[in-house]
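Undergrad: I'm passing along work.pdb; it holds PDB, C-alpha atoms.
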ATOM      1  CA  MET A  28       0.000   0.000   0.000
ATOM      2  CA  PHE A  29       1.115   3.516  -0.713
ATOM      3  CA  ASP A  30      -1.369   5.756   1.071
ATOM      4  CA  PRO A  31      -4.262   5.524   3.544
ATOM      5  CA  PHE A  32      -6.915   6.412   0.951
ATOM      6  CA  MET A  33      -5.857   3.543  -1.326
ATOM      7  CA  ARG A  34      -6.094   1.228   1.691
ATOM      8  CA  THR A  35      -9.590   2.563   2.507
ATOM      9  CA  LEU A  36     -10.733   1.733  -1.034
ATOM     10  CA  GLY A  37      -9.115  -1.722  -0.948
ATOM     11  CA  LEU A  38      -6.624  -0.902  -3.703
ATOM     12  CA  GLU A  39      -3.192  -2.364  -4.367
ATOM     13  CA  GLY A  40      -0.441  -0.776  -6.429
ATOM     14  CA  GLU A  41       3.000  -1.133  -7.884
ATOM     15  CA  ILE A  42       5.625   0.921  -9.683
ATOM     16  CA  PRO A  43       7.221  -1.351 -12.295
ATOM     17  CA  ALA A  44       9.532   1.383 -13.651
ATOM     18  CA  PRO A  45      10.065   5.144 -13.301
ATOM     19  CA  GLY A  46       7.169   6.959 -14.957
ATOM     20  CA  ARG A  47       4.840   3.953 -14.797
ATOM     21  CA  ALA A  48       2.420   2.658 -12.180
ATOM     22  CA  ARG A  49      -0.411   0.193 -11.825
ATOM     23  CA  VAL A  50      -3.287   0.244  -9.316
ATOM     24  CA  TRP A  51      -5.924  -2.474  -9.062
ATOM     25  CA  GLY A  52      -8.835  -3.598  -6.958
ATOM     26  CA  ALA A  53     -12.173  -5.375  -7.010
ATOM     27  CA  LEU A  54     -15.325  -3.324  -7.425
ATOM     28  CA  ARG A  55     -17.306  -3.767  -4.229
ATOM     29  CA  PRO A  56     -21.009  -2.887  -3.836
ATOM     30  CA  GLU A  57     -20.103   0.189  -1.752
ATOM     31  CA  HIS A  58     -18.093   1.514  -4.738
ATOM     32  CA  THR A  59     -21.139   1.605  -7.046
ATOM     33  CA  ASN A  60     -23.561   4.310  -8.099
ATOM     34  CA  SER A  61     -27.366   4.025  -8.169
ATOM     35  CA  LEU A  62     -27.175   2.211 -11.538
ATOM     36  CA  GLY A  63     -24.965  -0.541 -10.104
ATOM     37  CA  SER A  64     -21.833   0.497 -12.025
ATOM     38  CA  ALA A  65     -18.608   1.868 -10.543
ATOM     39  CA  HIS A  66     -19.118   5.321  -9.085
ATOM     40  CA  GLY A  67     -17.199   7.901 -11.098
ATOM     41  CA  GLY A  68     -15.423   8.988  -7.933
ATOM     42  CA  PHE A  69     -14.126   5.458  -7.369
ATOM     43  CA  LEU A  70     -12.752   5.204 -10.915
ATOM     44  CA  TYR A  71     -11.276   8.685 -10.632
ATOM     45  CA  SER A  72      -9.628   7.771  -7.328
ATOM     46  CA  MET A  73      -8.039   4.686  -8.889
ATOM     47  CA  ALA A  74      -6.716   6.695 -11.828
ATOM     48  CA  ASP A  75      -5.525   9.492  -9.558
ATOM     49  CA  ALA A  76      -3.656   7.015  -7.342
ATOM     50  CA  ALA A  77      -1.859   5.541 -10.381
ATOM     51  CA  PHE A  78      -1.110   9.092 -11.588
ATOM     52  CA  ALA A  79       0.369  10.027  -8.194
ATOM     53  CA  LEU A  80       2.537   6.916  -8.034
ATOM     54  CA  ALA A  81       3.840   7.289 -11.587
ATOM     55  CA  SER A  82       4.527  11.014 -11.288
ATOM     56  CA  ASN A  83       6.404  10.612  -8.001
ATOM     57  CA  SER A  84       8.278   7.475  -9.101
ATOM     58  CA  HIS A  85      11.377   9.404 -10.143
ATOM     59  CA  GLY A  86      11.932  10.354  -6.497
ATOM     60  CA  ALA A  87      11.196  14.065  -6.936
ATOM     61  CA  THR A  88       8.013  15.495  -5.450
ATOM     62  CA  ALA A  89       5.273  15.981  -8.047
ATOM     63  CA  VAL A  90       1.956  17.739  -7.373
ATOM     64  CA  ALA A  91      -1.087  17.730  -9.641
ATOM     65  CA  LEU A  92      -1.823  20.833 -11.708
ATOM     66  CA  SER A  93      -4.741  19.528 -13.762
ATOM     67  CA  THR A  94      -6.594  16.336 -14.597
ATOM     68  CA  HIS A  95      -9.288  15.207 -16.985
ATOM     69  CA  MET A  96     -11.344  11.995 -17.023
ATOM     70  CA  GLU A  97     -13.520  10.400 -19.695
ATOM     71  CA  TYR A  98     -15.860   7.558 -18.681
ATOM     72  CA  VAL A  99     -16.507   5.186 -21.583
ATOM     73  CA  ALA A 100     -17.957   1.872 -20.341
ATOM     74  CA  PRO A 101     -19.912   0.552 -17.333
ATOM     75  CA  THR A 102     -18.669  -1.967 -14.775
ATOM     76  CA  ARG A 103     -20.275  -4.453 -12.374
ATOM     77  CA  PRO A 104     -19.662  -5.403  -8.753
ATOM     78  CA  GLY A 105     -16.986  -8.064  -8.588
ATOM     79  CA  ASP A 106     -15.087  -6.722 -11.613
ATOM     80  CA  LEU A 107     -11.330  -6.490 -11.150
ATOM     81  CA  ILE A 108     -10.478  -2.958 -12.243
ATOM     82  CA  GLU A 109      -6.952  -1.893 -13.157
ATOM     83  CA  ALA A 110      -5.568   1.612 -13.713
ATOM     84  CA  THR A 111      -2.272   1.790 -15.602
ATOM     85  CA  ALA A 112      -0.377   5.087 -15.718
ATOM     86  CA  THR A 113       2.168   5.882 -18.419
ATOM     87  CA  GLU A 114       4.381   8.931 -18.639
ATOM     88  CA  ALA A 115       3.751  10.863 -21.860
ATOM     89  CA  HIS A 116       6.171  13.745 -21.154
ATOM     90  CA  LEU A 117       8.813  14.360 -18.486
ATOM     91  CA  GLY A 118      10.318  17.808 -18.201
ATOM     92  CA  ARG A 119      12.293  19.489 -15.446
ATOM     93  CA  ARG A 120       9.245  21.293 -14.008
ATOM     94  CA  ALA A 121       6.235  19.601 -15.628
ATOM     95  CA  ALA A 122       5.196  16.097 -16.639
ATOM     96  CA  VAL A 123       2.110  14.629 -18.321
ATOM     97  CA  TYR A 124       0.589  11.186 -17.694
ATOM     98  CA  GLN A 125      -2.096   9.075 -19.319
ATOM     99  CA  VAL A 126      -3.989   6.522 -17.249
ATOM    100  CA  GLU A 127      -6.109   3.775 -18.797
ATOM    101  CA  VAL A 128      -8.707   2.227 -16.498
ATOM    102  CA  ARG A 129      -9.724  -1.240 -17.664
ATOM    103  CA  VAL A 130     -11.706  -4.336 -16.780
ATOM    104  CA  GLY A 131      -9.776  -7.021 -18.614
ATOM    105  CA  GLU A 132      -9.346  -5.756 -22.172
ATOM    106  CA  THR A 133     -12.289  -3.333 -21.933
ATOM    107  CA  LEU A 134     -11.429   0.340 -21.557
ATOM    108  CA  VAL A 135     -13.654   1.778 -18.832
ATOM    109  CA  ALA A 136     -12.163   5.268 -18.447
ATOM    110  CA  LEU A 137      -9.320   7.415 -19.720
ATOM    111  CA  PHE A 138      -7.545   9.942 -17.496
ATOM    112  CA  THR A 139      -4.889  12.517 -18.307
ATOM    113  CA  GLY A 140      -2.998  14.552 -15.757
ATOM    114  CA  THR A 141      -0.267  17.168 -15.559
ATOM    115  CA  VAL A 142       2.033  17.654 -12.584
ATOM    116  CA  HIS A 143       4.357  20.358 -11.390
ATOM    117  CA  ARG A 144       7.692  18.756 -10.481
ATOM    118  CA  LEU A 145       9.878  19.903  -7.614
ATOM    119  CA  PRO A 146      13.161  18.142  -8.445
ATOM    120  CA  GLU A 147      14.889  19.719  -5.452
ATOM    121  CA  ARG A 148      12.474  17.949  -3.055
ATOM    122  CA  ARG A 149      12.419  14.200  -2.443
ATOM    123  CA  THR A 150       8.916  12.755  -2.495
ATOM    124  CA  PRO A 151       7.561  11.589   0.860
ATOM    125  CA  LEU A 152       4.876   9.583  -0.978
ATOM    126  CA  ILE A 153       7.022   6.606  -1.882
ATOM    127  CA  PRO A 154       9.699   5.087   0.394
ATOM    128  CA  ASP A 155      13.042   4.436  -1.334
ATOM    129  CA  ALA A 156      12.540   0.685  -0.932
ATOM    130  CA  MET A 157       9.388   0.887  -3.100
ATOM    131  CA  LEU A 158      10.943   2.916  -5.917
ATOM    132  CA  PRO A 159      11.985   0.977  -9.018
ATOM    133  CA  PRO A 160      15.646  -0.114  -9.038
ATOM    134  CA  ASP A 161      16.475   2.249 -11.908
ATOM    135  CA  ALA A 162      15.030   5.358 -10.192
ATOM    136  CA  PRO A 163      17.727   7.977  -9.502
ATOM    137  CA  ALA A 164      19.302   7.503  -6.071
ATOM    138  CA  ALA A 165      20.348  11.106  -5.534
ATOM    139  CA  ARG A 166      17.381  13.364  -4.946
TER
END
Let me see the structure of the file written as structure tokens.

TA:
Amino acid sequence: MFDPFMRTLGLEGEIPAPGRARVWGALRPEHTNSLGSAHGGFLYSMADAAFALASNSHGATAVALSTHMEYVAPTRPGDLIEATATEAHLGRRAAVYQVEVRVGETLVALFTGTVHRLPERRTPLIPDAMLPPDAPAAR
């Protein structure tokens, strides 16, 4: 686990490489809306968690500047949902990420986010032991 909110939602996560992250969890009944599909806030939270992990995976603190989410397909309780974040651009002070939220091969939502990077500050979000082996050691 990486943060208390992920734990509250029952989510797991990993950082396979700098600039990439994956968050997953089962859709529980308390995560659904009145139509029985995943609540938009639950899907957004999954995508945002993957975004945070990926953007902080270089060791420097990164804070969100803007995000956007498109919801494209419904889900059902019991579905295993996965949010995969990929770095689209990494600059000294800004970075952009795309997060695909899927149930199996089905795209459920698409998220994009931009962060402001603070390369002079080490991120408190991710302990060194959880950073990928090829993440820069000096922060």

Undergrad: Which residues are close to Gly40 (chain A), i.e. within 12 Å by all atoms listed in the file, leaving aside same-chain residues fewer than 4 positions away? Reply as a PyMOL selection string.

TA: chain A and resi 28-30+33-34+36+47-52+73-81+108-112+153+157-158

Undergrad: Give me the box for region 131-141 of chain A as AutoDock Vina command-line options, namely the centre and edge lengths in Å to one decimal of a box along x, y and z that holds every listed atom plus 3 Å on each side.

TA:
--center_x -7.0 --center_y 5.1 --center_z -18.9 --size_x 19.4 --size_y 30.2 --size_z 12.6

Undergrad: Give me the residues near Leu62 (chain A) as an mmCIF file with C-alpha atoms, in the frame of the given file, where near means some atom within 12 Å (using only C-alpha atoms) and where sequence neighbours in that chain fewer than 2 positions away do not count.

TA:
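What landed in selection_32.cif:
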data_model
loop_
_atom_site.group_PDB
_atom_site.id
_atom_site.type_symbol
_atom_site.label_atom_id
_atom_site.label_comp_id
_atom_site.auth_asym_id
_atom_site.auth_seq_id
_atom_site.Cartn_x
_atom_site.Cartn_y
_atom_site.Cartn_z
ATOM 1 C CA PRO A 56 -21.009 -2.887 -3.836
ATOM 2 C CA HIS A 58 -18.093 1.514 -4.738
ATOM 3 C CA THR A 59 -21.139 1.605 -7.046
ATOM 4 C CA ASN A 60 -23.561 4.310 -8.099
ATOM 5 C CA SER A 64 -21.833 0.497 -12.025
ATOM 6 C CA ALA A 65 -18.608 1.868 -10.543
ATOM 7 C CA HIS A 66 -19.118 5.321 -9.085
ATOM 8 C CA GLY A 67 -17.199 7.901 -11.098
ATOM 9 C CA PRO A 101 -19.912 0.552 -17.333
ATOM 10 C CA THR A 102 -18.669 -1.967 -14.775
ATOM 11 C CA ARG A 103 -20.275 -4.453 -12.374
ATOM 12 C CA PRO A 104 -19.662 -5.403 -8.753
#

Undergrad: Rank nothing, just name the residue among A:Met96, A:Glu114, A:Arg144, A:Gly37 nearest to Glu57 (chain A), using all atoms listed in the file.

TA: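 Answer, going by the shortest atom-to-atom distance: A:Gly37.
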
Undergrad: Just so the selection is clear, what residues does the PyMOL selection byres ((chain A and resi 147) around 8) cover here, as a ChimeraX atom specification?

TA: /A:87,145-146,148-149,166
